[in-house]
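J.: Before I ask anything, here is the structure I am working with.
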There are 2 protein chains.
Amino acid sequence: MDRKQEIIDAATKSFSLFGYKATTMDQVAKIANVGKGTIYTFFDNKEVLFQEIVIRMITEMKQEAAIVIIEGKSFQENAHAALMKMLEFRETHQLYAKIIIEEKEWKTPAVQLVISQVEKAIVKFVKEKIDKYIANGEIRAVNSELVAYLLFKAYLAFVNDWNITHEKSLSEVEIAEFFQDTIFRSLAL
Amino acid sequence: MDRKQEIIDAATKSFSLFGYKATTMDQVAKIANVGKGTIYTFFDNKEVLFQEIVIRMITEMKQEAAIVIIEGKSFQENAHAALMKMLEFRETHQLYAKIIIEEKEWKTPAVQLVISQVEKAIVKFVKEKIDKYIANGEIRAVNSELVAYLLFKAYLAFVNDWNITHEKSLSEVEIAEFFQDTIFRSLAL
DNA sequence: TTTTGACCGAATCGTTCAATTGGTCATTTA
DNA sequence: TAAATGACCAATTGAACGATTCGGTCAAAA
């Protein structure tokens with residue numbers, strides 16, 4: 001395991017526990033067992049180090065979403081599974097969850113940028129699936145970018161936002177059936 | 001014009017200019033030309049006064065939405081017009097705009113409650129329209145509360161959020177056509 | 001009886017100064 | 001000689017503290 005990786009691992013731990021703002025480079029150096037200056041031989045600054053780690057996190061999230069996609073299943077089934085998995089990642093992945101909390105509490109610019117990046121990655125992932133299903137003639141030809149955005153926002157609204165303003169949350173089955181009756185219905189041939 | 005109304009008017013001015021947090025009861029009293037203690041003969045506390053004003057604002061917003069609804073037009077046309085009007089209100093109504101800014105900057109509890117109230121009022125307004133059109137046999141029978149929530153969140157995403165993350169905003173026509181092709185399409189008989 | 005504004009405890013604000021931080025680079029280490 | 005280190009520095013942050021302000025109260029005034 002080389003030094004760069006040790007720094008990345010150490011920083012991932014610290015960002016996950018303390019968030020971006022409260023993580024110090026001194027601390028990362030200690031966890032990694034390197035001098036603080038060594039960090040700057042690999043990364044220009046704190047934000048570049050953070051970005052490296054976030055890119056890895058996004059890759060991990062997409063891999064988890066890809067696992068639940070089953071070749072041969074309908075667009076709805078696969079889109080639903082992938083979106084649910086990515087929204088679950090949002091809550092169970094320690095670093096991502098920490099980032100969301102920090103964005104709300106502090107509005108750290110570096111963190112706001114990351115939230116935006118992750119969301120764009122999700123929309124892009126869904127858009128690519130839409131394009132594939134359209135090309136296969138399995139769903140209607142639609143503006144895949146707008147539909148991907150709509151699906152993302154709609155799932156976010158029902159899986160997350162709904163719980164904030166309603167006492168009774170919606171089950172995954174209820175959500176799936178509702179979207180089958182609405183958005184996915186509109187995509188059917 | 002009675003004293004209570006003068007206090008309400010004064011407070012509306014102050015909340016609109018300075019927001020909830022930065023508005024003092026001393027200031028409201030001065031603008032209204034009353035003693036500070038007089039305010040408390042009508043309102044238990046600052047938050048109750050704020051609520052009174054917010055309820056009036058919500059009523060005003062609903063009236064503006066009702067104006068753009070034309071009897072005999074399709075559900076899509078009317079829902080679209082009403083939602084666009086209510087989202088426009090969000091930006092043009094001085095108090096509401098101030099509330100949104102304050103919620104983002106300070107997370108004042110009283111203000112967060114208000115945002116939630118307004119959004120619930122919008123969803124309820126749309127739900128009632130959905131119920132009416134279903135009863136008239138003009139759209140499919142759907143869970144009107146969930147569809148109203150979906151419509152609200154979708155419009156908010158495309159009218160507001162989209163502009164934050166994309167350089168080119170979507171025109172009203174583009175938005176209307178997109179929803180015609182998706183959500184409204186799913187509601188058609 | 002209604003209105004007022006001085007009063008009060010709690011909260012907020014502005015100031016000061018010590019502590020901390022990200023990044024740098026002279027020195028040390030390999 | 002190249003890579004690693006951690007003391008150093010300017011800028012920023014945080015803690016402490018006194019002054020001020022605030023929402024709400026109520027005795028006094030109108």
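Each chain of the structure tokens is named A, B, ... in the order shown, its residues numbered from 1; ligands are numbered from 1 in display order.
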Identify all residues of range 49-175 of chain A in helix (DSSP H, G or I) (DSSP on the backbone) and supply them as an MDAnalysis selection string.

T.: chainID A and resid 49:67 75:92 94:106 109:135 144:165 172:175

J.: Need to verify the contact set: DG18 in chain D, 12 Å, only C-alpha atoms (C1' of nucleotides), exclusion of same-chain residues closer than 2 positions in sequence. Can you return it as a ChimeraX atom specification?

T.: /C:13-16 /D:16,20

J.: Grab the CA of Asp44 in chain A to CA of Glu60 in chain A distance for me, in Å with one decimal place.

T.: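 One can read the CA of Asp44 in chain A to CA of Glu60 in chain A distance as 23.9 Å.
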
J.: Sorted by chain and rising residue number, list the residues of chain A at most 7 Å from chain D (counting only C-alpha atoms (C1' of nucleotides)), each with its closest atom pair and distance in Å to one decimal, as JSON lines.

T.:
```
{"residue": "A:Gly35", "atom": "CA", "partner": "D:DT5", "partner_atom": "C1'", "distance": 5.3}
{"residue": "A:Gly37", "atom": "CA", "partner": "D:DT5", "partner_atom": "C1'", "distance": 6.9}
{"residue": "A:Thr38", "atom": "CA", "partner": "D:DA4", "partner_atom": "C1'", "distance": 6.3}
```

J.: Just C-alpha atoms for this one: save the residues we selected as a PDB file, in the first residue's frame.

T.:
```pdb
ATOM      1  CA  GLY A  35       4.316  14.535   7.657  1.00  0.00           C
ATOM      2  CA  GLY A  37       3.889  18.426   3.950  1.00  0.00           C
ATOM      3  CA  THR A  38       3.795  14.968   2.374  1.00  0.00           C
TER       4      THR A  38
END
```

J.: Kindly assemble as a tab-separated table a list of the chain A residues that lie within 6 Å of chain B, each paired with its nearest atom pair and their distance in Å to one decimal, using only C-alpha atoms, sorted first by chain and then by ascending residue number.

T.:
```
residue	atom	partner	partner_atom	distance
A:Thr182	CA	B:Ser186	CA	5.1
A:Ile183	CA	B:Ile183	CA	5.8
A:Arg185	CA	B:Ser186	CA	5.7
A:Ser186	CA	B:Ser186	CA	4.8
```

J.: Residues of chain C no more than 10 Å from chain A, counting only C-alpha atoms (C1' of nucleotides): send them over as JSON, numbers by chain.

T.: {"C": [20, 21, 22, 23, 24, 25]}
